[in-house]
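Written out below as structure tokens is the structure these notes cover.
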Amino acid sequence: MHWVFWAVVLDACLALGALFSRKAGYYRRLVHFALCAVVASTAGIVSAPVMWASRRKASVNWVVARTFYYTTRVVLGIRIEIEGEDIMQGAQPCVLVGNHQTMLDLIMLGRVFPMQTVILAKRAISYYPFVGWFMRLADDIFISRGSKQSASDMFKRASEELRAKQVSVWFFAEGTRGRFSDGPGLLPFKVGAFLLAYHARVPIVPVVTMDFHNLYDKRRFWSTSGTLKVKILQPILLDGLTEDDLKPLMNRTRDTMLAELYRISPPRIAH
């Protein structure tokens with residue numbers, strides 16, 4: 001357990017440094033974030049046999065999510081307020097589509113993530129210690145970016161799971177983190193989530209998380225406690241649509257989510 005000793009020493013050094021340097025305080029919270037992720041991932045690994053035995057393999061993600069949220073809520077002091085949670089619960093199985101801002105999105109997922117939901121992630125993540133381990137146990141879906149064959153396999157497998165296993169899928173619609181210096185925003189959406197929902201014949205449920213800027217700014221080494229607001233929008237049904245209708249629908253969904261992002265985000269403060 002020598003690593004525990006060194007973790008305590010590192011934390012003490014960063015705590016001392018935080019008295020004189022914002023950067024030290026930022027990195028101390030980053031270390032705490034990472035330790036919470038290890039604890040949550042371990043909880044998922046330990047719970048996996050039970051979930052497998054009860055044929056609820058995908059709910060390993062739920063165990064990890066809730067463990068991570070309540071751990072970070074105590075350690076980092078970040079709370080999540082959700083509006084419309086009943087909408088999400090009533091729409092499952094579905095494709096959940098959220099905006100992607102920072103690594104703190106994981107805390108939002110920790111509170112929002114429903115049971116029997118899988119994650120789509122880059123294949124490289126499957127090799128990460130702890131995180132990749134529990135994601136494999138939860139039967140999450142890994143893709144290789146830029147590979148058309150991989151994308152085809154992904155949509156086929158995910159649609160089969162949605163229909164046969166009654167599980168939902170989480171997507172960050174932008175495909176990568178959106179960073180905007182002049183206020184909240186959204187990058188252009190990728191069509192993958194909409195293709196998946198179309199082929200699986202399930203609704204899309206948009207999930208909007210407010211601008212993180214007042215709680216976290218990597219460029220200025222700013223990280224603090226506070227409350228994040230999340231809004232679950234009404235499900236979008238794809239009945240009667242053709243594949244040619246998906247891109248216009250995607251753009252309308254982005255516009256709706258962007259308007260909601262502006263509505264729930266507080267004015268930015270200077271750090």
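Residues in the structure tokens are named by chain (A, B, ... in the order shown) and by number from 1 within that chain; ligands are numbered from 1 in the order shown.
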
>> Give me the residues near range 214-221 of chain A as a PyMOL selection string, where near means some atom within 6 Å (using only C-alpha atoms) and where sequence neighbours in that chain fewer than 2 positions away do not count.
In response: chain A and resi 23+26+212+223-224

Restrict the selected residues to C-alpha atoms and save them as a PDB file, in the first residue's frame.
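File produced: out_4.pdb:
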ATOM      1  CA  LYS A  23      -2.186  26.097 -10.278  1.00  0.00           C
ATOM      2  CA  TYR A  26      -6.136  23.079  -9.643  1.00  0.00           C
ATOM      3  CA  PHE A 212     -18.916  24.857 -17.187  1.00  0.00           C
ATOM      4  CA  SER A 223     -11.581  24.630 -10.605  1.00  0.00           C
ATOM      5  CA  THR A 224     -14.098  25.165  -7.823  1.00  0.00           C
TER       6      THR A 224
END

> Do you know which residues are at most 12 Å from Thr209 in chain A counting only C-alpha atoms, after dropping those on the same chain fewer than 5 positions away, and could you put them as a PyMOL selection string?
Replying inline: chain A and resi 80-83+97-102+104-109+111-112+172+184-186+227-233+257-266

Would you tabulate, counting only C-alpha atoms, all residues of range 69-183 of chain A that have an atom at most 10 Å from an atom of range 41-45 of chain A, showing the closest pair of atoms and their distance in Å to one decimal, sorted by chain then ascending number, as JSON lines?
{"residue": "A:Pro129", "atom": "CA", "partner": "A:Ser41", "partner_atom": "CA", "distance": 9.1}
{"residue": "A:Phe130", "atom": "CA", "partner": "A:Ser41", "partner_atom": "CA", "distance": 5.4}
{"residue": "A:Val131", "atom": "CA", "partner": "A:Ser41", "partner_atom": "CA", "distance": 5.7}
{"residue": "A:Gly132", "atom": "CA", "partner": "A:Ser41", "partner_atom": "CA", "distance": 8.7}
{"residue": "A:Trp133", "atom": "CA", "partner": "A:Ile45", "partner_atom": "CA", "distance": 7.3}
{"residue": "A:Phe134", "atom": "CA", "partner": "A:Ile45", "partner_atom": "CA", "distance": 5.3}
{"residue": "A:Met135", "atom": "CA", "partner": "A:Gly44", "partner_atom": "CA", "distance": 8.6}
{"residue": "A:Arg136", "atom": "CA", "partner": "A:Ile45", "partner_atom": "CA", "distance": 9.6}
{"residue": "A:Leu137", "atom": "CA", "partner": "A:Ile45", "partner_atom": "CA", "distance": 7.2}
{"residue": "A:Ala138", "atom": "CA", "partner": "A:Gly44", "partner_atom": "CA", "distance": 8.4}

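Of the listed residues (A:Ala34, A:Leu10, A:Val118, A:Leu16), A:Val118 comes nearest to Ile141 in chain A; the distances count only C-alpha atoms.
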
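Shortest separation to Tyr127 in chain A among A:Asp211, A:Phe142, A:Ile269, A:Pro235 occurs at residue A:Phe142, atoms counted being only C-alpha atoms.
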
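The space between CA of Ala15 in chain A and CA of Arg28 in chain A spans 6.8 Å.
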
>> Applying 12 Å and only C-alpha atoms, which residues near range 241-247 of chain A remain after dropping the ones on its own chain fewer than 2 positions away? List them as a PyMOL selection string.
In response: chain A and resi 188-199+201+203-204+236-239+249-254

> Can you list, as a ChimeraX atom specification, every protein, DNA or RNA residue that comes within 12 Å of Val74 in chain A when you count only C-alpha atoms, leaving out same-chain residues fewer than 3 positions away?
Replying inline: /A:32-33,36,67-71,77-79,107,225-226

>> So that I can check the secondary structure, give me every residue of range 7-203 of chain A assigned strand (DSSP E or B) by backbone DSSP, as a PyMOL selection string.
In response: chain A and resi 78-83+95-98+117-122+141-143+168-172

>> Here is a test: counting only C-alpha atoms, which residue of A:Leu120, A:Val50, A:Val202, A:Ile125 is nearest to Ser159 in chain A?
In response: A:Val202

> For Val63 in chain A, which residue among A:Gln92, A:Gln234, A:Gln116, A:Ser168 is the nearest when counting only C-alpha atoms?
Replying inline: A:Gln116

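Distance annotation: of A:Tyr128, A:Pro267, A:Met103, A:Val60, the residue with the minimal separation from Gly178 in chain A is A:Met103; atom set is only C-alpha atoms.
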